[in-house]
$ cat data.txt   # compact mmCIF, C-alpha atoms
# COMPACT_ATOMS: atom_id res chain seq x y z
CA MET A 29 -88.42 44.34 -39.13
CA ASN A 30 -88.27 47.47 -41.40
CA PHE A 31 -85.31 48.70 -43.39
CA ALA A 32 -84.18 51.27 -40.78
CA GLU A 33 -84.10 48.70 -38.06
CA ASN A 34 -82.04 46.32 -40.25
CA GLN A 35 -79.47 49.01 -40.89
CA LYS A 36 -79.22 49.74 -37.19
CA GLN A 37 -78.70 46.01 -36.28
CA GLU A 38 -76.04 45.59 -38.95
CA LYS A 39 -74.17 48.62 -37.69
CA MET A 40 -74.18 47.23 -34.14
CA ASN A 41 -72.75 43.85 -35.30
CA LYS A 42 -69.89 45.55 -37.12
CA THR A 43 -69.08 47.62 -34.05
CA GLY A 44 -68.95 44.48 -31.86
CA LEU A 45 -66.69 42.70 -34.30
CA LEU A 46 -64.26 45.62 -34.44
CA PHE A 47 -64.15 45.67 -30.64
CA ARG A 48 -63.28 41.98 -30.41
CA TYR A 49 -60.44 42.36 -32.97
CA SER A 50 -59.06 45.36 -31.12
CA VAL A 51 -58.98 43.37 -27.87
CA LEU A 52 -57.22 40.40 -29.61
CA PHE A 53 -54.56 42.62 -31.19
CA SER A 54 -53.99 44.41 -27.91
CA GLY A 55 -53.35 41.03 -26.20
CA ILE A 56 -50.88 40.03 -28.87
CA PHE A 57 -49.06 43.32 -28.51
CA ILE A 58 -48.89 42.93 -24.74
CA ILE A 59 -47.50 39.36 -25.01
CA THR A 60 -44.96 40.39 -27.65
CA GLY A 61 -43.89 43.37 -25.57
CA CYS A 62 -43.42 41.19 -22.47
CA SER A 63 -41.40 38.61 -24.41
CA SER A 64 -39.13 41.29 -25.79
CA THR A 65 -38.61 42.70 -22.31
CA ASN A 66 -37.68 39.23 -20.88
CA ASN A 67 -35.13 38.64 -23.65
CA ASN A 68 -33.46 41.92 -22.96
CA THR A 69 -33.40 41.09 -19.24
CA ASP A 70 -31.70 37.70 -19.87
CA THR A 71 -29.09 39.37 -22.05
CA LYS A 72 -28.26 41.98 -19.45
CA ARG A 73 -28.45 39.65 -16.39
CA GLU A 74 -25.14 39.11 -14.57
CA ILE A 75 -24.11 36.23 -12.31
CA SER A 76 -21.95 37.03 -9.31
CA VAL A 77 -18.95 34.69 -9.02
CA LYS A 78 -15.66 34.37 -7.18
CA THR A 79 -12.49 33.75 -9.13
CA THR A 80 -8.84 32.90 -8.69
CA THR A 81 -5.82 33.51 -10.85
CA ALA A 82 -4.07 30.40 -12.13
CA TYR A 83 -0.39 30.31 -11.27
CA ALA A 84 2.38 27.72 -11.40
CA SER A 85 3.62 26.42 -8.07
CA PRO A 86 5.67 23.43 -6.86
CA ALA A 87 3.48 21.00 -4.96
CA SER A 88 4.25 18.15 -2.62
CA PHE A 89 2.91 14.88 -3.98
CA SER A 90 1.02 13.09 -1.22
CA ASN A 91 -1.23 10.08 -1.54
CA ASP A 92 -2.86 7.67 0.88
CA TYR A 93 -2.58 3.90 0.64
CA VAL A 94 -3.58 0.85 2.65
CA GLY A 95 -0.58 -1.06 3.98
CA VAL A 96 0.06 -4.36 5.74
CA THR A 97 2.78 -4.87 8.34
CA GLU A 98 5.46 -7.47 7.64
CA GLU A 99 8.35 -8.74 9.74
CA GLU A 100 11.85 -7.60 8.79
CA SER A 101 12.90 -11.24 8.34
CA SER A 102 11.74 -14.69 9.40
CA ALA A 103 13.07 -18.23 9.74
CA LEU A 104 11.55 -21.70 10.00
CA LEU A 105 13.26 -23.54 12.86
CA SER A 106 13.67 -27.31 12.85
CA PHE A 107 15.76 -30.12 14.31
CA PRO A 108 18.39 -31.65 11.99
CA VAL A 109 17.73 -35.07 13.56
CA GLN A 110 14.65 -37.16 14.09
CA GLY A 111 13.23 -37.90 17.51
CA LYS A 112 10.37 -37.32 19.90
CA ILE A 113 9.49 -33.84 21.21
CA GLU A 114 10.09 -34.01 24.94
CA ARG A 115 9.51 -30.38 25.89
CA LEU A 116 8.38 -27.11 24.31
CA PHE A 117 9.54 -24.06 26.24
CA VAL A 118 7.78 -21.28 24.28
CA SER A 119 4.40 -20.54 22.70
CA GLU A 120 3.10 -18.44 19.82
CA GLY A 121 3.54 -14.68 20.25
CA GLN A 122 6.26 -15.03 22.88
CA GLN A 123 9.33 -12.83 22.70
CA VAL A 124 12.62 -14.78 22.76
CA SER A 125 16.30 -13.85 22.88
CA GLU A 126 19.16 -15.10 20.75
CA GLY A 127 20.47 -18.43 22.07
CA GLU A 128 17.39 -19.18 24.17
CA VAL A 129 16.31 -22.86 24.22
CA LEU A 130 12.94 -23.22 22.51
CA ALA A 131 12.36 -27.00 22.44
CA GLU A 132 14.07 -30.24 23.37
CA LEU A 133 14.04 -33.78 21.96
CA SER A 134 14.16 -36.95 24.01
CA SER A 135 17.94 -37.49 24.24
CA GLU A 136 18.24 -41.04 25.58
CA ASN A 137 19.07 -42.61 22.22
CA LEU A 138 21.26 -39.70 21.21
CA GLN A 139 23.09 -39.90 24.53
CA SER A 140 23.69 -43.65 24.05
CA THR A 141 24.94 -43.09 20.52
CA TYR A 142 27.32 -40.42 21.74
CA GLN A 143 28.66 -42.61 24.55
CA ALA A 144 29.26 -45.46 22.10
CA ALA A 145 31.06 -43.13 19.72
CA ARG A 146 33.11 -41.75 22.60
CA ALA A 147 34.12 -45.27 23.65
CA SER A 148 35.16 -46.17 20.11
CA LEU A 149 37.24 -43.00 19.94
CA SER A 150 39.00 -43.80 23.22
CA GLN A 151 39.77 -47.30 21.98
CA ALA A 152 41.14 -46.00 18.69
CA GLU A 153 43.27 -43.38 20.48
CA ASP A 154 44.75 -46.03 22.85
CA ALA A 155 45.53 -48.38 19.97
CA MET A 156 47.18 -45.55 18.04
CA LYS A 157 49.43 -44.67 20.98
CA ARG A 158 50.72 -48.27 21.27
CA LEU A 159 51.22 -48.65 17.55
CA GLN A 160 52.94 -45.28 17.35
CA MET A 161 55.72 -46.59 19.65
CA LEU A 162 56.24 -49.64 17.44
CA TYR A 163 56.19 -47.53 14.32
CA ASP A 164 58.78 -45.15 15.76
CA ASN A 165 61.04 -48.14 16.51
CA GLN A 166 60.49 -49.35 12.98
CA SER A 167 58.89 -52.51 14.32
CA LEU A 168 55.50 -51.96 12.62
CA PRO A 169 54.78 -52.32 8.94
CA GLU A 170 53.67 -49.13 7.21
CA MET A 171 50.36 -50.67 6.19
CA LYS A 172 49.39 -51.48 9.79
CA TYR A 173 50.22 -47.95 10.89
CA VAL A 174 48.13 -46.37 8.13
CA GLU A 175 45.23 -48.69 8.96
CA ALA A 176 45.31 -47.69 12.64
CA GLN A 177 45.48 -44.02 11.72
CA SER A 178 42.41 -44.35 9.47
CA LYS A 179 40.42 -46.05 12.24
CA LEU A 180 41.32 -43.22 14.60
CA GLU A 181 40.11 -40.60 12.11
CA GLN A 182 36.85 -42.51 11.59
CA ALA A 183 36.28 -42.71 15.34
CA GLN A 184 36.94 -39.00 15.70
CA ALA A 185 34.40 -38.19 12.95
CA MET A 186 31.76 -40.45 14.48
CA GLU A 187 32.27 -38.84 17.89
CA GLN A 188 31.90 -35.36 16.43
CA VAL A 189 28.66 -36.32 14.66
CA ALA A 190 27.23 -37.97 17.76
CA ARG A 191 28.18 -34.99 19.92
CA LYS A 192 26.66 -32.52 17.45
CA ASN A 193 23.43 -34.55 17.26
CA LEU A 194 23.22 -34.58 21.03
CA GLU A 195 23.76 -30.83 21.18
CA GLU A 196 21.16 -30.27 18.47
CA SER A 197 18.54 -32.13 20.44
CA ARG A 198 18.00 -28.69 21.98
CA LEU A 199 16.55 -26.14 19.56
CA LYS A 200 17.88 -22.60 20.15
CA ALA A 201 16.82 -19.23 18.76
CA PRO A 202 19.29 -18.01 16.10
CA PHE A 203 18.26 -14.38 16.73
CA SER A 204 16.01 -12.35 18.99
CA GLY A 205 12.40 -12.11 17.85
CA VAL A 206 8.87 -13.32 18.38
CA ILE A 207 7.48 -16.82 17.86
CA GLY A 208 5.10 -16.67 14.92
CA THR A 209 3.73 -20.20 14.62
CA LYS A 210 4.13 -23.49 16.49
CA SER A 211 3.71 -26.60 14.34
CA VAL A 212 4.16 -29.52 16.80
CA GLU A 213 3.12 -30.65 20.26
CA GLU A 214 4.98 -32.41 23.07
CA GLY A 215 5.27 -36.16 22.57
CA GLU A 216 5.12 -35.90 18.79
CA ASN A 217 7.70 -37.77 16.71
CA ILE A 218 9.35 -35.53 14.16
CA LEU A 219 11.59 -36.02 11.13
CA PRO A 220 14.81 -34.16 10.32
CA ASN A 221 14.18 -30.58 9.09
CA GLN A 222 10.47 -30.72 9.94
CA PRO A 223 9.32 -27.15 10.84
CA ILE A 224 8.82 -26.68 14.59
CA PHE A 225 8.51 -22.87 14.96
CA SER A 226 8.59 -19.77 12.78
CA LEU A 227 10.69 -17.01 14.32
CA LEU A 228 10.01 -13.41 13.26
CA LYS A 229 12.45 -10.55 13.58
CA THR A 230 10.41 -7.45 14.49
CA ASN A 231 12.89 -4.91 15.89
CA THR A 232 12.15 -3.17 12.63
CA VAL A 233 9.16 -3.93 10.39
CA LYS A 234 8.17 -3.23 6.81
CA ILE A 235 4.87 -1.84 5.60
CA LYS A 236 3.88 -3.20 2.19
CA ILE A 237 1.65 -1.12 -0.09
CA ALA A 238 0.35 -1.44 -3.67
CA VAL A 239 0.95 1.64 -5.83
CA PRO A 240 -1.03 2.20 -9.08
CA GLU A 241 1.06 2.36 -12.23
CA ASN A 242 0.16 6.01 -12.88
CA GLU A 243 1.63 7.00 -9.50
CA ILE A 244 4.72 4.81 -9.20
CA ALA A 245 6.91 7.33 -11.07
CA LYS A 246 6.28 9.87 -8.30
CA ILE A 247 7.63 7.54 -5.61
CA HIS A 248 11.35 7.23 -4.89
CA THR A 249 13.36 5.29 -2.33
CA GLY A 250 14.31 7.50 0.57
CA GLY A 251 11.03 9.39 0.49
CA ASN A 252 9.22 10.10 3.74
CA ALA A 253 6.09 8.27 4.85
CA THR A 254 3.62 8.58 7.72
CA VAL A 255 2.06 5.33 8.91
CA THR A 256 -1.05 5.33 11.12
CA VAL A 257 -2.15 2.10 12.80
CA ALA A 258 -5.80 1.88 13.87
CA ALA A 259 -5.18 -1.28 15.93
CA LEU A 260 -2.82 0.73 18.15
CA GLY A 261 -5.30 3.53 18.80
CA GLY A 262 -4.30 5.59 15.77
CA ARG A 263 -0.62 5.62 16.70
CA SER A 264 1.58 7.20 14.00
CA TYR A 265 5.09 6.29 12.87
CA GLN A 266 7.55 8.05 10.60
CA GLY A 267 9.51 5.95 8.12
CA LYS A 268 11.32 5.86 4.79
CA ILE A 269 10.54 4.20 1.48
CA THR A 270 13.21 1.50 1.26
CA ASP A 271 11.90 -0.79 -1.48
CA LYS A 272 10.27 0.01 -4.80
CA GLY A 273 9.13 -2.79 -7.09
CA VAL A 274 9.90 -2.79 -10.80
CA VAL A 275 7.52 -5.59 -11.87
CA ALA A 276 3.77 -4.89 -11.94
CA ASN A 277 1.15 -7.25 -10.63
CA PRO A 278 -0.37 -8.74 -13.82
CA VAL A 279 -3.91 -8.58 -12.41
CA SER A 280 -4.10 -5.27 -10.52
CA HIS A 281 -1.37 -3.43 -12.49
CA THR A 282 0.11 -2.13 -9.25
CA TYR A 283 3.69 -2.01 -8.04
CA GLU A 284 4.84 -3.04 -4.58
CA ALA A 285 6.61 -0.56 -2.33
CA LYS A 286 7.78 -0.97 1.25
CA ILE A 287 8.37 1.44 4.11
CA THR A 288 10.75 0.49 6.92
CA LEU A 289 9.81 1.48 10.48
CA ALA A 290 11.68 1.20 13.76
CA ASN A 291 9.73 -0.97 16.23
CA PRO A 292 11.68 -0.85 19.51
CA ASP A 293 8.73 -1.80 21.73
CA ARG A 294 7.55 -4.45 19.22
CA ALA A 295 4.02 -3.00 19.29
CA LEU A 296 3.77 -3.37 15.52
CA MET A 297 3.01 -6.99 14.68
CA PRO A 298 2.91 -8.77 11.31
CA GLY A 299 -0.47 -8.59 9.60
CA MET A 300 -1.59 -5.28 11.10
CA VAL A 301 -3.44 -3.08 8.59
CA CYS A 302 -2.45 0.57 8.51
CA ARG A 303 -2.93 3.81 6.58
CA VAL A 304 0.14 5.06 4.72
CA GLN A 305 0.64 8.60 3.51
CA LEU A 306 3.59 9.08 1.20
CA HIS A 307 5.37 12.42 0.81
CA ALA A 308 7.42 12.26 -2.36
CA GLY A 309 8.77 15.82 -2.13
CA ASP A 310 8.15 18.78 -4.43
CA THR A 311 7.11 18.05 -7.99
CA ALA A 312 7.85 20.29 -10.96
CA SER A 313 6.00 23.61 -11.00
CA SER A 314 2.49 23.32 -12.42
CA ILE A 315 -0.87 25.05 -12.23
CA ILE A 316 -2.90 23.82 -9.27
CA LEU A 317 -6.64 24.29 -8.73
CA PRO A 318 -9.06 23.17 -5.98
CA ASN A 319 -10.68 19.82 -6.69
CA ASN A 320 -14.24 21.21 -6.74
CA VAL A 321 -13.43 23.54 -9.66
CA ILE A 322 -12.97 20.65 -12.10
CA GLN A 323 -16.20 19.62 -13.87
CA ILE A 324 -16.99 16.83 -16.35
CA ASN A 325 -19.43 17.06 -19.24
CA SER A 326 -21.63 14.31 -20.68
CA GLU A 327 -18.81 13.18 -22.97
CA GLY A 328 -16.42 12.70 -20.06
CA GLU A 329 -14.33 15.78 -20.85
CA GLN A 330 -12.91 17.79 -17.96
CA PHE A 331 -13.35 21.54 -17.98
CA VAL A 332 -13.35 24.69 -15.85
CA TRP A 333 -15.10 28.01 -16.25
CA GLY A 334 -12.83 30.96 -16.99
CA VAL A 335 -13.55 34.67 -17.45
CA GLU A 336 -12.71 36.48 -20.67
CA GLY A 337 -13.83 40.05 -21.30
CA GLY A 338 -16.22 39.92 -18.37
CA LYS A 339 -18.00 36.85 -19.73
CA ALA A 340 -17.90 33.18 -18.78
CA ALA A 341 -15.84 31.00 -21.11
CA ILE A 342 -15.44 27.23 -20.96
CA ARG A 343 -11.86 25.92 -20.82
CA PHE A 344 -11.22 22.23 -21.42
CA VAL A 345 -8.34 20.93 -19.33
CA LYS A 346 -6.34 17.79 -18.62
CA THR A 347 -5.68 17.08 -14.96
CA GLY A 348 -2.62 15.44 -13.40
CA VAL A 349 -1.85 14.12 -9.92
CA LEU A 350 -3.61 15.04 -6.71
CA THR A 351 -1.39 17.04 -4.37
CA ASP A 352 -1.69 18.51 -0.90
CA LYS A 353 -2.77 21.82 -2.47
CA GLY A 354 -5.24 20.54 -5.05
CA VAL A 355 -5.14 18.91 -8.48
CA THR A 356 -2.48 19.77 -11.05
CA ILE A 357 -3.47 21.00 -14.52
CA GLU A 358 -1.34 19.51 -17.28
CA SER A 359 -2.91 21.42 -20.19
CA GLY A 360 -5.72 23.84 -21.04
CA LEU A 361 -4.74 26.75 -18.81
CA ASN A 362 -1.93 29.27 -18.69
CA ALA A 363 -0.48 31.10 -15.73
CA GLY A 364 -2.46 34.30 -15.21
CA ASP A 365 -5.80 32.95 -16.50
CA THR A 366 -8.86 33.81 -14.42
CA VAL A 367 -10.83 30.79 -13.22
CA ILE A 368 -14.25 30.78 -11.52
CA VAL A 369 -14.08 28.94 -8.18
CA GLU A 370 -17.54 29.79 -6.78
CA GLY A 371 -20.79 30.14 -8.73
CA GLN A 372 -19.57 28.14 -11.73
CA GLN A 373 -22.69 25.94 -11.60
CA LYS A 374 -24.85 28.96 -12.56
CA VAL A 375 -22.99 30.21 -15.62
CA SER A 376 -23.10 29.31 -19.30
CA GLU A 377 -20.96 30.16 -22.30
CA GLY A 378 -20.88 33.92 -22.97
CA MET A 379 -22.87 34.88 -19.86
CA LYS A 380 -21.83 38.14 -18.19
CA VAL A 381 -20.32 37.67 -14.75
CA ASN A 382 -19.76 39.99 -11.84
CA ILE A 383 -16.54 39.13 -10.02
CA LEU A 384 -16.95 39.56 -6.27
$ encode --input "data.txt" --output "structure tokens"
Amino acid sequence: MNFAENQKQEKMNKTGLLFRYSVLFSGIFIITGCSSTNNNTDTKREISVKTTTAYASPASFSNDYVGVTEEESSALLSFPVQGKIERLFVSEGQQVSEGEVLAELSSENLQSTYQAARASLSQAEDAMKRLQMLYDNQSLPEMKYVEAQSKLEQAQAMEQVARKNLEESRLKAPFSGVIGTKSVEEGENILPNQPIFSLLKTNTVKIKIAVPENEIAKIHTGGNATVTVAALGGRSYQGKITDKGVVANPVSHTYEAKITLANPDRALMPGMVCRVQLHAGDTASSIILPNNVIQINSEGEQFVWGVEGGKAAIRFVKTGVLTDKGVTIESGLNAGDTVIVEGQQKVSEGMKVNIL
């Protein structure tokens, strides 16, 4: 290859190299230009959101609890004497009236004891009448008269005991109610004061609930309650809070409260599980927000998204009790602040927002 041809080849190589560099720099410029355009777009992009204005309002405290039905009162019924059960007139779950005979002991021995005591009393009374005449005529020593009088009093006491035991061989209901449990069978020998039946008073009943310690201060006696019983087809009752415990359960840290309900048809029975909604009246005025507005970050802090100067701003808050209108805000917001209620999942700190 001669000198002219070498010069020509060298010139062509330089031209190709310049072309490749120009293409590379053009690509870099295009990429840089695109990146700059995207950054400007992100800065100017707006997120459409819906907001509400925080305001203070009184709210009715209302919480749901699981309750268990209890009888108003109960009594264990027993015979004061020993004997053999001759007859049982009632069974578990049966409604009974005050004074109704529930069970009866075999009374043969008691009847014999009473008759013997009655005979002794008659004898003592007859002897006292004859001695009284002698005593009045001053023909009887004082000691003999006192002795006869003592025997008469003893006979009277024995007759009263025997008569009472005979009467108490029939077990009667001390009040109207329902038989809860039956502990014996006919023919069984029983001891004095051995439980025979439990009698439950259910004209009114009490619903027992467990209230967490952070909610017990909101509950007061006299407050209204709605009780719904699934076992009765969702039937609802209205009652009042009548008992409020002051000692916490050491394990669950809950306090016991009770609601009293009228039960005229005795449909509510002990042990029934029910849903209890307490209405503790209006609380002090506070800011209330919908539950879904409250968010929690990775550190467990609660926050909401507010709007300041047209931009999203995070506001850390402390929530209070749950009410019928939403959750109360104890700190972190002031009345009049703007809070994002829809679209808050799309915003970040300082992002421009368009309020719909």
$ atom_distance --input "data.txt" --atom1 "atom CA of A:Gly111" --atom2 "atom CA of A:Ser226"
19.3 Å
$ residues_around --input "data.txt" --residues "A:Ser280" --least-positions-apart "4" --cutoff "10 Å" --atoms "all atoms listed in the file" --output "list in words"
Ala238, Val239, Pro240, Glu241 and Ala276 of chain A
$ closest_residue --input "data.txt" --among "A:Val206, A:Val77, A:Val109, A:Leu260" --to "A:Leu228" --atoms "only C-alpha atoms"
A:Val206
$ closest_residue --input "data.txt" --among "A:Ala258, A:Leu159, A:Ala183, A:Leu219" --to "A:Met171" --atoms "all atoms listed in the file"
A:Leu159
$ atom_distance --input "data.txt" --atom1 "atom CA of A:Leu104" --atom2 "atom CA of A:Gly127"
15.4 Å
$ residues_around --input "data.txt" --residues "A:Asn242" --least-positions-apart "5" --cutoff "12 Å" --atoms "all atoms listed in the file" --output "PyMOL selection string"
chain A and resi 247+276+281-283+348-350
$ atom_distance --input "data.txt" --atom1 "atom CA of A:Val255" --atom2 "atom CA of A:Leu227"
24.6 Å
